[in-house]
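Visitor: Okay, so here is upload06.txt, and as you'll see once you scroll down, it has compact mmCIF, C-alpha atoms.
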```
# COMPACT_ATOMS: atom_id res chain seq x y z
CA MET A 1 4.95 -4.98 17.46
CA SER A 2 6.30 -3.29 14.35
CA SER A 3 9.58 -1.52 14.85
CA HIS A 4 9.42 2.11 13.81
CA SER A 5 11.45 1.65 10.68
CA GLU A 6 9.04 -1.00 9.44
CA ALA A 7 5.88 0.85 10.44
CA PRO A 8 3.52 1.09 7.51
CA VAL A 9 2.59 4.57 6.34
CA THR A 10 -1.05 3.53 5.96
CA PRO A 11 -3.22 1.77 8.51
CA VAL A 12 -4.19 -1.85 8.05
CA ALA A 13 -7.42 -1.94 6.04
CA ALA A 14 -10.87 -2.62 7.43
CA PHE A 15 -11.77 -6.30 6.98
CA GLU A 16 -15.16 -7.93 6.68
CA PRO A 17 -16.44 -8.58 10.23
CA PRO A 18 -16.32 -10.64 12.26
CA TYR A 19 -12.60 -10.76 12.94
CA TYR A 20 -10.46 -10.35 16.05
CA VAL A 21 -8.29 -7.56 17.31
CA ALA A 22 -5.65 -7.62 20.05
CA VAL A 23 -4.85 -4.19 21.47
CA PHE A 24 -1.52 -4.21 23.32
CA THR A 25 -0.70 -0.92 25.07
CA THR A 26 2.69 -0.58 26.73
CA VAL A 27 5.10 1.58 28.64
CA ARG A 28 8.66 0.36 28.25
CA THR A 29 11.49 0.21 30.77
CA GLN A 30 14.99 1.57 30.22
CA ASN A 31 16.17 -1.99 29.54
CA GLN A 32 15.47 -2.73 25.90
CA ASN A 33 18.26 -5.28 25.41
CA ASP A 34 17.40 -7.61 22.50
CA PHE A 35 13.94 -6.07 22.16
CA SER A 36 14.36 -5.05 18.51
CA VAL A 37 15.76 -8.37 17.34
CA THR A 38 13.10 -10.32 19.23
CA ASN A 39 10.39 -8.05 17.86
CA ALA A 40 11.59 -8.55 14.30
CA ARG A 41 11.67 -12.32 14.81
CA LEU A 42 8.11 -12.31 16.19
CA GLU A 43 6.92 -10.24 13.23
CA ASP A 44 8.37 -12.81 10.85
CA LEU A 45 6.70 -15.61 12.81
CA VAL A 46 3.24 -14.10 13.02
CA LYS A 47 3.19 -13.31 9.31
CA ASP A 48 3.31 -17.04 8.60
CA LEU A 49 0.40 -17.79 10.91
CA PRO A 50 -2.80 -18.83 9.10
CA GLY A 51 -5.51 -16.33 10.00
CA TYR A 52 -3.13 -13.45 10.71
CA LEU A 53 -4.45 -10.34 8.96
CA GLY A 54 -2.05 -7.53 9.85
CA MET A 55 -0.68 -5.19 12.48
CA ASP A 56 -0.51 -1.46 13.22
CA HIS A 57 1.91 0.13 15.64
CA ALA A 58 2.35 3.63 17.01
CA GLN A 59 4.85 4.82 19.61
CA THR A 60 4.85 8.19 21.33
CA PRO A 61 8.51 9.00 22.08
CA GLY A 62 8.98 8.49 25.81
CA GLY A 63 5.31 7.60 26.19
CA LEU A 64 2.77 4.96 25.26
CA GLY A 65 3.20 2.35 22.57
CA ILE A 66 0.12 0.74 21.02
CA THR A 67 0.29 -2.37 18.86
CA VAL A 68 -2.95 -3.57 17.28
CA SER A 69 -2.95 -7.02 15.66
CA TYR A 70 -5.76 -8.41 13.52
CA PHE A 71 -6.73 -12.07 13.20
CA ARG A 72 -9.44 -13.86 11.25
CA ASP A 73 -10.77 -15.77 14.25
CA ALA A 74 -10.20 -16.60 17.90
CA ASP A 75 -8.37 -19.82 17.02
CA ALA A 76 -5.70 -17.92 15.10
CA LEU A 77 -5.21 -15.62 18.06
CA THR A 78 -4.95 -18.55 20.47
CA GLU A 79 -2.41 -20.16 18.19
CA TRP A 80 -0.32 -16.98 18.32
CA ARG A 81 -0.72 -16.48 22.06
CA THR A 82 0.55 -19.97 22.78
CA ASN A 83 3.36 -20.02 20.21
CA VAL A 84 6.51 -21.19 22.03
CA GLU A 85 8.75 -18.34 20.87
CA HIS A 86 6.01 -15.82 21.58
CA ARG A 87 5.52 -17.22 25.08
CA SER A 88 9.22 -16.90 25.74
CA ALA A 89 9.16 -13.27 24.53
CA GLN A 90 6.13 -12.53 26.74
CA GLU A 91 8.07 -13.76 29.78
CA ARG A 92 11.08 -11.69 28.86
CA GLY A 93 8.84 -8.67 28.32
CA ARG A 94 7.52 -8.93 31.86
CA ALA A 95 11.00 -9.53 33.24
CA GLU A 96 12.80 -6.78 31.35
CA TRP A 97 11.12 -4.69 28.65
CA TYR A 98 7.78 -3.48 30.01
CA GLN A 99 7.06 -1.18 32.92
CA CYS A 100 3.38 -1.93 32.44
CA TYR A 101 0.97 -3.04 29.74
CA THR A 102 -2.67 -3.81 29.08
CA LEU A 103 -3.99 -6.33 26.57
CA HIS A 104 -7.57 -6.24 25.27
CA VAL A 105 -8.82 -9.02 22.97
CA ALA A 106 -12.00 -8.18 21.11
CA LYS A 107 -14.29 -9.35 18.32
CA VAL A 108 -14.77 -6.70 15.64
CA GLU A 109 -18.41 -5.99 14.85
CA ARG A 110 -18.01 -3.16 12.34
CA SER A 111 -15.22 -1.28 10.65
CA HIS A 112 -14.59 1.16 7.86
CA GLY A 113 -11.79 3.06 6.24
CA PHE A 114 -11.24 6.41 4.61
CA THR A 115 -8.62 7.45 2.10
CA ARG A 116 -8.32 11.00 0.79
CA ALA A 117 -9.21 11.22 -2.88
CA MET B 1 -7.63 11.42 20.71
CA SER B 2 -5.38 12.53 23.56
CA SER B 3 -2.95 15.25 22.63
CA HIS B 4 0.61 14.24 23.40
CA SER B 5 0.94 16.53 26.37
CA GLU B 6 -2.10 14.96 27.99
CA ALA B 7 -1.18 11.39 27.17
CA PRO B 8 -1.23 9.26 30.31
CA VAL B 9 2.03 7.59 31.26
CA THR B 10 0.20 4.36 32.03
CA PRO B 11 -2.26 2.52 29.79
CA VAL B 12 -5.96 2.51 30.58
CA ALA B 13 -6.63 -0.47 32.86
CA ALA B 14 -8.25 -3.73 31.83
CA PHE B 15 -11.98 -3.65 32.62
CA GLU B 16 -14.34 -6.52 33.35
CA PRO B 17 -15.58 -7.85 29.97
CA PRO B 18 -17.71 -7.37 28.09
CA TYR B 19 -17.01 -3.78 27.08
CA TYR B 20 -16.39 -2.04 23.78
CA VAL B 21 -13.29 -0.71 22.14
CA ALA B 22 -12.98 1.66 19.18
CA VAL B 23 -9.59 1.50 17.45
CA PHE B 24 -8.98 4.59 15.31
CA THR B 25 -5.76 4.47 13.28
CA THR B 26 -4.77 7.54 11.30
CA VAL B 27 -2.28 9.21 9.04
CA ARG B 28 -2.55 12.98 9.20
CA THR B 29 -2.26 15.56 6.46
CA GLN B 30 -0.06 18.66 6.57
CA ASN B 31 -3.16 20.71 7.42
CA GLN B 32 -3.73 20.47 11.16
CA ASN B 33 -5.49 23.81 11.56
CA ASP B 34 -7.68 23.76 14.69
CA PHE B 35 -6.97 20.07 15.23
CA SER B 36 -5.57 20.47 18.75
CA VAL B 37 -8.33 22.72 20.01
CA THR B 38 -11.03 20.50 18.49
CA ASN B 39 -9.36 17.43 19.94
CA ALA B 40 -9.24 18.95 23.41
CA ARG B 41 -12.90 19.92 23.16
CA LEU B 42 -13.88 16.38 22.11
CA GLU B 43 -11.91 14.93 25.01
CA ASP B 44 -13.82 17.12 27.42
CA LEU B 45 -17.11 16.07 25.83
CA VAL B 46 -16.49 12.34 25.81
CA LYS B 47 -15.40 12.34 29.46
CA ASP B 48 -18.92 13.42 30.40
CA LEU B 49 -20.54 10.64 28.42
CA PRO B 50 -22.14 7.92 30.59
CA GLY B 51 -20.44 4.62 29.77
CA TYR B 52 -17.16 6.17 28.65
CA LEU B 53 -14.30 4.26 30.29
CA GLY B 54 -11.11 5.83 28.99
CA MET B 55 -8.75 6.40 26.09
CA ASP B 56 -5.17 5.60 25.09
CA HIS B 57 -3.26 7.38 22.35
CA ALA B 58 0.11 6.87 20.69
CA GLN B 59 1.61 8.80 17.81
CA THR B 60 4.71 7.87 15.87
CA PRO B 61 6.29 11.14 14.73
CA GLY B 62 5.59 11.46 11.03
CA GLY B 63 3.81 8.12 11.03
CA LEU B 64 0.75 6.36 12.37
CA GLY B 65 -1.43 7.59 15.18
CA ILE B 66 -3.58 5.13 17.11
CA THR B 67 -6.36 6.19 19.46
CA VAL B 68 -8.15 3.47 21.41
CA SER B 69 -11.35 4.44 23.25
CA TYR B 70 -13.16 2.21 25.72
CA PHE B 71 -16.91 2.17 26.39
CA ARG B 72 -19.08 0.14 28.71
CA ASP B 73 -21.54 -0.89 25.98
CA ALA B 74 -22.57 -0.41 22.36
CA ASP B 75 -25.15 2.22 23.29
CA ALA B 76 -22.50 4.49 24.82
CA LEU B 77 -20.42 4.17 21.67
CA THR B 78 -23.43 4.98 19.46
CA GLU B 79 -24.14 8.00 21.61
CA TRP B 80 -20.60 9.22 21.08
CA ARG B 81 -20.54 8.45 17.35
CA THR B 82 -23.69 10.48 16.78
CA ASN B 83 -22.83 13.40 19.08
CA VAL B 84 -23.36 16.60 17.09
CA GLU B 85 -19.97 18.15 17.82
CA HIS B 86 -18.24 14.83 17.20
CA ARG B 87 -20.05 14.46 13.86
CA SER B 88 -18.91 17.90 12.85
CA ALA B 89 -15.31 17.05 13.80
CA GLN B 90 -15.52 13.80 11.83
CA GLU B 91 -16.50 15.75 8.72
CA ARG B 92 -13.71 18.22 9.22
CA GLY B 93 -11.27 15.35 9.74
CA ARG B 94 -12.14 13.89 6.36
CA ALA B 95 -12.03 17.31 4.72
CA GLU B 96 -8.77 18.49 6.25
CA TRP B 97 -6.91 16.56 8.93
CA TYR B 98 -6.66 12.94 7.79
CA GLN B 99 -4.87 11.48 4.82
CA CYS B 100 -6.41 8.13 5.67
CA TYR B 101 -7.82 6.27 8.63
CA THR B 102 -9.36 2.98 9.68
CA LEU B 103 -11.91 2.50 12.46
CA HIS B 104 -12.56 -0.90 14.06
CA VAL B 105 -15.34 -1.26 16.66
CA ALA B 106 -15.12 -4.42 18.74
CA LYS B 107 -16.53 -6.14 21.81
CA VAL B 108 -13.85 -7.07 24.32
CA GLU B 109 -13.96 -10.71 25.38
CA ARG B 110 -10.90 -10.84 27.64
CA SER B 111 -8.26 -8.49 28.93
CA HIS B 112 -5.51 -8.28 31.47
CA GLY B 113 -2.87 -5.91 32.68
CA PHE B 114 0.66 -6.09 34.04
CA THR B 115 2.52 -3.64 36.22
CA ARG B 116 6.12 -4.14 37.26
CA ALA B 117 6.49 -4.83 40.97
```
Spit out the file's structure as structure tokens when you get a sec.
Guide:
Amino acid sequence: MSSHSEAPVTPVAAFEPPYYVAVFTTVRTQNQNDFSVTNARLEDLVKDLPGYLGMDHAQTPGGLGITVSYFRDADALTEWRTNVEHRSAQERGRAEWYQCYTLHVAKVERSHGFTRA
Amino acid sequence: MSSHSEAPVTPVAAFEPPYYVAVFTTVRTQNQNDFSVTNARLEDLVKDLPGYLGMDHAQTPGGLGITVSYFRDADALTEWRTNVEHRSAQERGRAEWYQCYTLHVAKVERSHGFTRA
């Protein structure tokens, strides 16, 4: 859920498995009222959540957005999913901001990273 | 690994768990020689792989790219990872195309989708 301006220039690192990943793939509507401010607020909130590991976001202009969030365990993810402010934003997303989306929650079994020397 | 022009306008659907997801998050170099043609070739190849379910891609201009591929089981993913042409492309990616990347392979435990009425 990173806004573009805050998008990191490097991907979130590979962690030691197991950990959890939430893949949230979206197409937005024309109505993005309050989206940016809500998104920034949610980013602040999730960063304080014990077990939150990080987030990557990419957005094709006029196309798909993909937000991938990483959590230490399923409990941390449940905590985030049921957060009151997050729930409210989810409802507003369905009512206004998203044309369609898919969410996949998965347990990471292996991971690795590469950085150019 | 979809090129932008081939990016679907809707996310890949939620499948019945369990299935596998490979999250590949990249920052590209300035050298993208042959990237598009190789990418298109790999897309053709993976579509023929038994157990391949689909792929979503998003690319922030000048920023992160995220490609999420879905597979029915771990064997299908292993088949793809070890495909000879894919292996060759992976080597070229490290040599030329990618500044850095992270790959997370995970087993999906739950998923759902939303489409505006």
Visitor: What's around Pro11 in chain B at 8 Å? Count only C-alpha atoms, leave out sequence neighbours fewer than 2 positions away in its own chain, and write the answer as a count of residues only.
Guide: 11
Visitor: Chain A near chain B within 9 Å: what's each residue's closest atom pair and its distance in Å to one decimal, counting all atoms listed in the file, ordered by chain then ascending residue number, as JSON lines?
Guide:
```
{"residue": "A:His4", "atom": "CA", "partner": "B:Thr60", "partner_atom": "CA", "distance": 7.7}
{"residue": "A:Ala7", "atom": "CA", "partner": "B:Gly63", "partner_atom": "CA", "distance": 7.6}
{"residue": "A:Pro8", "atom": "CA", "partner": "B:Leu64", "partner_atom": "CA", "distance": 7.7}
{"residue": "A:Val9", "atom": "CA", "partner": "B:Gly63", "partner_atom": "CA", "distance": 6.0}
{"residue": "A:Thr10", "atom": "CA", "partner": "B:Val27", "partner_atom": "CA", "distance": 6.6}
{"residue": "A:Pro11", "atom": "CA", "partner": "B:Thr25", "partner_atom": "CA", "distance": 6.0}
{"residue": "A:Val12", "atom": "CA", "partner": "B:Thr102", "partner_atom": "CA", "distance": 7.3}
{"residue": "A:Ala13", "atom": "CA", "partner": "B:Thr102", "partner_atom": "CA", "distance": 6.4}
{"residue": "A:Ala14", "atom": "CA", "partner": "B:Thr102", "partner_atom": "CA", "distance": 6.2}
{"residue": "A:Phe15", "atom": "CA", "partner": "B:His104", "partner_atom": "CA", "distance": 8.9}
{"residue": "A:Tyr19", "atom": "CA", "partner": "B:Ala106", "partner_atom": "CA", "distance": 9.0}
{"residue": "A:Tyr20", "atom": "CA", "partner": "B:Ala106", "partner_atom": "CA", "distance": 8.0}
{"residue": "A:Val21", "atom": "CA", "partner": "B:Ala106", "partner_atom": "CA", "distance": 7.7}
{"residue": "A:Val23", "atom": "CA", "partner": "B:Val68", "partner_atom": "CA", "distance": 8.3}
{"residue": "A:Thr25", "atom": "CA", "partner": "B:Pro11", "partner_atom": "CA", "distance": 6.0}
{"residue": "A:Thr26", "atom": "CA", "partner": "B:Pro11", "partner_atom": "CA", "distance": 6.6}
{"residue": "A:Val27", "atom": "CA", "partner": "B:Thr10", "partner_atom": "CA", "distance": 6.6}
{"residue": "A:Asp56", "atom": "CA", "partner": "B:Thr25", "partner_atom": "CA", "distance": 7.9}
{"residue": "A:His57", "atom": "CA", "partner": "B:Leu64", "partner_atom": "CA", "distance": 7.1}
{"residue": "A:Ala58", "atom": "CA", "partner": "B:Thr60", "partner_atom": "CA", "distance": 5.0}
{"residue": "A:Gln59", "atom": "CA", "partner": "B:Thr60", "partner_atom": "CA", "distance": 4.8}
{"residue": "A:Thr60", "atom": "CA", "partner": "B:Gln59", "partner_atom": "CA", "distance": 4.8}
{"residue": "A:Pro61", "atom": "CA", "partner": "B:Thr60", "partner_atom": "CA", "distance": 7.4}
{"residue": "A:Gly62", "atom": "CA", "partner": "B:Val9", "partner_atom": "CA", "distance": 8.9}
{"residue": "A:Gly63", "atom": "CA", "partner": "B:Val9", "partner_atom": "CA", "distance": 6.0}
{"residue": "A:Leu64", "atom": "CA", "partner": "B:Ala58", "partner_atom": "CA", "distance": 5.6}
{"residue": "A:Gly65", "atom": "CA", "partner": "B:Ala58", "partner_atom": "CA", "distance": 5.8}
{"residue": "A:Ile66", "atom": "CA", "partner": "B:Ala58", "partner_atom": "CA", "distance": 6.1}
{"residue": "A:Thr67", "atom": "CA", "partner": "B:Ile66", "partner_atom": "CA", "distance": 8.6}
{"residue": "A:Val68", "atom": "CA", "partner": "B:Val23", "partner_atom": "CA", "distance": 8.4}
{"residue": "A:Arg94", "atom": "CA", "partner": "B:Arg116", "partner_atom": "CA", "distance": 7.4}
{"residue": "A:Ala95", "atom": "CA", "partner": "B:Arg116", "partner_atom": "CA", "distance": 8.3}
{"residue": "A:Tyr98", "atom": "CA", "partner": "B:Arg116", "partner_atom": "CA", "distance": 7.5}
{"residue": "A:Gln99", "atom": "CA", "partner": "B:Arg116", "partner_atom": "CA", "distance": 5.3}
{"residue": "A:Cys100", "atom": "CA", "partner": "B:Thr115", "partner_atom": "CA", "distance": 4.2}
{"residue": "A:Tyr101", "atom": "CA", "partner": "B:Phe114", "partner_atom": "CA", "distance": 5.3}
{"residue": "A:Thr102", "atom": "CA", "partner": "B:Gly113", "partner_atom": "CA", "distance": 4.2}
{"residue": "A:Leu103", "atom": "CA", "partner": "B:Ser111", "partner_atom": "CA", "distance": 5.3}
{"residue": "A:His104", "atom": "CA", "partner": "B:Ser111", "partner_atom": "CA", "distance": 4.4}
{"residue": "A:Val105", "atom": "CA", "partner": "B:Arg110", "partner_atom": "CA", "distance": 5.4}
{"residue": "A:Ala106", "atom": "CA", "partner": "B:Val108", "partner_atom": "CA", "distance": 3.9}
{"residue": "A:Lys107", "atom": "CA", "partner": "B:Ala106", "partner_atom": "CA", "distance": 5.0}
{"residue": "A:Val108", "atom": "CA", "partner": "B:Ala106", "partner_atom": "CA", "distance": 3.9}
{"residue": "A:Glu109", "atom": "CA", "partner": "B:Ala106", "partner_atom": "CA", "distance": 5.3}
{"residue": "A:Arg110", "atom": "CA", "partner": "B:Val105", "partner_atom": "CA", "distance": 5.4}
{"residue": "A:Ser111", "atom": "CA", "partner": "B:His104", "partner_atom": "CA", "distance": 4.3}
{"residue": "A:His112", "atom": "CA", "partner": "B:Leu103", "partner_atom": "CA", "distance": 5.5}
{"residue": "A:Gly113", "atom": "CA", "partner": "B:Thr102", "partner_atom": "CA", "distance": 4.2}
{"residue": "A:Phe114", "atom": "CA", "partner": "B:Cys100", "partner_atom": "CA", "distance": 5.2}
{"residue": "A:Thr115", "atom": "CA", "partner": "B:Cys100", "partner_atom": "CA", "distance": 4.3}
{"residue": "A:Arg116", "atom": "CA", "partner": "B:Gln99", "partner_atom": "CA", "distance": 5.3}
{"residue": "A:Ala117", "atom": "CA", "partner": "B:Gln99", "partner_atom": "CA", "distance": 8.8}
```
Visitor: For Ala76 in chain B, which residue among B:Arg28, B:Thr38, B:Arg92, B:Gly51 is the nearest when counting all atoms listed in the file?
Guide: B:Gly51
Visitor: Please write out chain B, superposed on chain A by least squares over all C-alpha atoms matched in order, as a short mmCIF file (atom, residue, chain, number, x, y, z; two decimals) with C-alpha atoms, keeping the file's coordinate frame.
Guide:
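Dumped everything to selection16.cif:
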```cif
data_model
loop_
_atom_site.label_atom_id
_atom_site.label_comp_id
_atom_site.auth_asym_id
_atom_site.auth_seq_id
_atom_site.Cartn_x
_atom_site.Cartn_y
_atom_site.Cartn_z
CA MET B 1 4.93 -4.96 17.38
CA SER B 2 6.28 -3.25 14.27
CA SER B 3 9.57 -1.51 14.79
CA HIS B 4 9.38 2.13 13.77
CA SER B 5 11.41 1.68 10.63
CA GLU B 6 9.02 -0.99 9.40
CA ALA B 7 5.86 0.83 10.39
CA PRO B 8 3.51 1.09 7.42
CA VAL B 9 2.58 4.58 6.30
CA THR B 10 -1.05 3.55 5.92
CA PRO B 11 -3.21 1.78 8.50
CA VAL B 12 -4.17 -1.85 8.04
CA ALA B 13 -7.42 -1.93 6.05
CA ALA B 14 -10.87 -2.63 7.44
CA PHE B 15 -11.75 -6.31 6.98
CA GLU B 16 -15.15 -7.94 6.67
CA PRO B 17 -16.43 -8.58 10.23
CA PRO B 18 -16.31 -10.62 12.26
CA TYR B 19 -12.58 -10.76 12.95
CA TYR B 20 -10.45 -10.35 16.05
CA VAL B 21 -8.28 -7.56 17.31
CA ALA B 22 -5.65 -7.64 20.06
CA VAL B 23 -4.84 -4.20 21.48
CA PHE B 24 -1.52 -4.22 23.34
CA THR B 25 -0.69 -0.93 25.08
CA THR B 26 2.69 -0.59 26.74
CA VAL B 27 5.10 1.57 28.65
CA ARG B 28 8.67 0.37 28.25
CA THR B 29 11.48 0.21 30.77
CA GLN B 30 14.99 1.58 30.25
CA ASN B 31 16.16 -1.98 29.54
CA GLN B 32 15.46 -2.74 25.89
CA ASN B 33 18.23 -5.28 25.42
CA ASP B 34 17.38 -7.61 22.50
CA PHE B 35 13.94 -6.06 22.16
CA SER B 36 14.34 -5.05 18.51
CA VAL B 37 15.75 -8.35 17.35
CA THR B 38 13.09 -10.32 19.26
CA ASN B 39 10.39 -8.05 17.88
CA ALA B 40 11.58 -8.55 14.32
CA ARG B 41 11.67 -12.31 14.82
CA LEU B 42 8.11 -12.32 16.20
CA GLU B 43 6.92 -10.26 13.24
CA ASP B 44 8.36 -12.81 10.87
CA LEU B 45 6.71 -15.62 12.81
CA VAL B 46 3.25 -14.11 13.04
CA LYS B 47 3.18 -13.31 9.31
CA ASP B 48 3.30 -17.04 8.62
CA LEU B 49 0.41 -17.79 10.93
CA PRO B 50 -2.80 -18.83 9.10
CA GLY B 51 -5.51 -16.32 9.99
CA TYR B 52 -3.13 -13.45 10.71
CA LEU B 53 -4.44 -10.33 8.95
CA GLY B 54 -2.05 -7.54 9.85
CA MET B 55 -0.68 -5.19 12.48
CA ASP B 56 -0.51 -1.46 13.21
CA HIS B 57 1.91 0.14 15.64
CA ALA B 58 2.37 3.64 17.02
CA GLN B 59 4.85 4.82 19.62
CA THR B 60 4.87 8.18 21.33
CA PRO B 61 8.51 8.99 22.10
CA GLY B 62 8.98 8.49 25.81
CA GLY B 63 5.32 7.59 26.20
CA LEU B 64 2.77 4.96 25.27
CA GLY B 65 3.19 2.36 22.59
CA ILE B 66 0.13 0.75 21.03
CA THR B 67 0.28 -2.36 18.87
CA VAL B 68 -2.95 -3.57 17.28
CA SER B 69 -2.94 -7.03 15.67
CA TYR B 70 -5.75 -8.40 13.54
CA PHE B 71 -6.74 -12.07 13.21
CA ARG B 72 -9.43 -13.83 11.24
CA ASP B 73 -10.76 -15.77 14.24
CA ALA B 74 -10.22 -16.63 17.90
CA ASP B 75 -8.38 -19.83 17.02
CA ALA B 76 -5.69 -17.93 15.11
CA LEU B 77 -5.22 -15.62 18.07
CA THR B 78 -4.96 -18.58 20.48
CA GLU B 79 -2.40 -20.15 18.20
CA TRP B 80 -0.33 -16.99 18.32
CA ARG B 81 -0.72 -16.48 22.08
CA THR B 82 0.54 -19.99 22.78
CA ASN B 83 3.36 -20.03 20.22
CA VAL B 84 6.51 -21.19 22.02
CA GLU B 85 8.75 -18.34 20.88
CA HIS B 86 6.01 -15.81 21.58
CA ARG B 87 5.52 -17.24 25.08
CA SER B 88 9.21 -16.91 25.74
CA ALA B 89 9.16 -13.28 24.54
CA GLN B 90 6.14 -12.55 26.74
CA GLU B 91 8.07 -13.76 29.78
CA ARG B 92 11.08 -11.70 28.86
CA GLY B 93 8.84 -8.68 28.33
CA ARG B 94 7.52 -8.92 31.87
CA ALA B 95 11.00 -9.54 33.25
CA GLU B 96 12.78 -6.78 31.35
CA TRP B 97 11.12 -4.70 28.66
CA TYR B 98 7.78 -3.49 30.02
CA GLN B 99 7.06 -1.20 32.92
CA CYS B 100 3.38 -1.92 32.44
CA TYR B 101 0.98 -3.04 29.76
CA THR B 102 -2.66 -3.80 29.08
CA LEU B 103 -3.98 -6.34 26.58
CA HIS B 104 -7.57 -6.25 25.28
CA VAL B 105 -8.81 -9.03 22.97
CA ALA B 106 -12.00 -8.19 21.11
CA LYS B 107 -14.28 -9.35 18.30
CA VAL B 108 -14.76 -6.70 15.64
CA GLU B 109 -18.40 -5.99 14.85
CA ARG B 110 -18.00 -3.16 12.34
CA SER B 111 -15.21 -1.27 10.65
CA HIS B 112 -14.58 1.16 7.87
CA GLY B 113 -11.77 3.05 6.27
CA PHE B 114 -11.22 6.41 4.61
CA THR B 115 -8.60 7.46 2.11
CA ARG B 116 -8.32 10.99 0.79
CA ALA B 117 -9.23 11.26 -2.88
#
```
Visitor: Using CA of Tyr52 in chain A and CA of Arg72 in chain A as the two end points, give the distance in Å to one decimal.
Guide: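 Rounded to one decimal, the two atoms are 6.3 Å apart.
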Visitor: Distance CA of Asp75 in chain B-CA of Val37 in chain B, one decimal place?
Guide: 26.7 Å
Visitor: Can you tell me how far CA of Glu79 in chain B sits from CA of Asn33 in chain B, in Å to one decimal?
Guide: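 These atoms are spaced 26.4 Å apart.
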Visitor: To test the calculation: enclose all listed atoms of range 73-89 of chain A in a box whose edges run along x, y and z, add 3 Å on each side, then state centre and edge lengths in Å to one decimal, as JSON.
Guide:
```
{"center_x": -0.8, "center_y": -17.2, "center_z": 20.0, "size_x": 26.0, "size_y": 13.9, "size_z": 17.5}
```
Visitor: Please tell me which residues are no farther than 10 Å from (-2.8, -16.7, 15.6) in the file, counting all atoms listed in the file, and write them as a PDB file with C-alpha atoms, in the frame of the given file.
Guide:
```pdb
ATOM      1  CA  TYR A  20     -10.460 -10.350  16.050  1.00  0.00           C
ATOM      2  CA  LEU A  45       6.700 -15.610  12.810  1.00  0.00           C
ATOM      3  CA  VAL A  46       3.240 -14.100  13.020  1.00  0.00           C
ATOM      4  CA  LYS A  47       3.190 -13.310   9.310  1.00  0.00           C
ATOM      5  CA  ASP A  48       3.310 -17.040   8.600  1.00  0.00           C
ATOM      6  CA  LEU A  49       0.400 -17.790  10.910  1.00  0.00           C
ATOM      7  CA  PRO A  50      -2.800 -18.830   9.100  1.00  0.00           C
ATOM      8  CA  GLY A  51      -5.510 -16.330  10.000  1.00  0.00           C
ATOM      9  CA  TYR A  52      -3.130 -13.450  10.710  1.00  0.00           C
ATOM     10  CA  LEU A  53      -4.450 -10.340   8.960  1.00  0.00           C
ATOM     11  CA  SER A  69      -2.950  -7.020  15.660  1.00  0.00           C
ATOM     12  CA  TYR A  70      -5.760  -8.410  13.520  1.00  0.00           C
ATOM     13  CA  PHE A  71      -6.730 -12.070  13.200  1.00  0.00           C
ATOM     14  CA  ARG A  72      -9.440 -13.860  11.250  1.00  0.00           C
ATOM     15  CA  ASP A  73     -10.770 -15.770  14.250  1.00  0.00           C
ATOM     16  CA  ALA A  74     -10.200 -16.600  17.900  1.00  0.00           C
ATOM     17  CA  ASP A  75      -8.370 -19.820  17.020  1.00  0.00           C
ATOM     18  CA  ALA A  76      -5.700 -17.920  15.100  1.00  0.00           C
ATOM     19  CA  LEU A  77      -5.210 -15.620  18.060  1.00  0.00           C
ATOM     20  CA  THR A  78      -4.950 -18.550  20.470  1.00  0.00           C
ATOM     21  CA  GLU A  79      -2.410 -20.160  18.190  1.00  0.00           C
ATOM     22  CA  TRP A  80      -0.320 -16.980  18.320  1.00  0.00           C
ATOM     23  CA  ARG A  81      -0.720 -16.480  22.060  1.00  0.00           C
ATOM     24  CA  THR A  82       0.550 -19.970  22.780  1.00  0.00           C
ATOM     25  CA  ASN A  83       3.360 -20.020  20.210  1.00  0.00           C
TER      26      ASN A  83
END
```
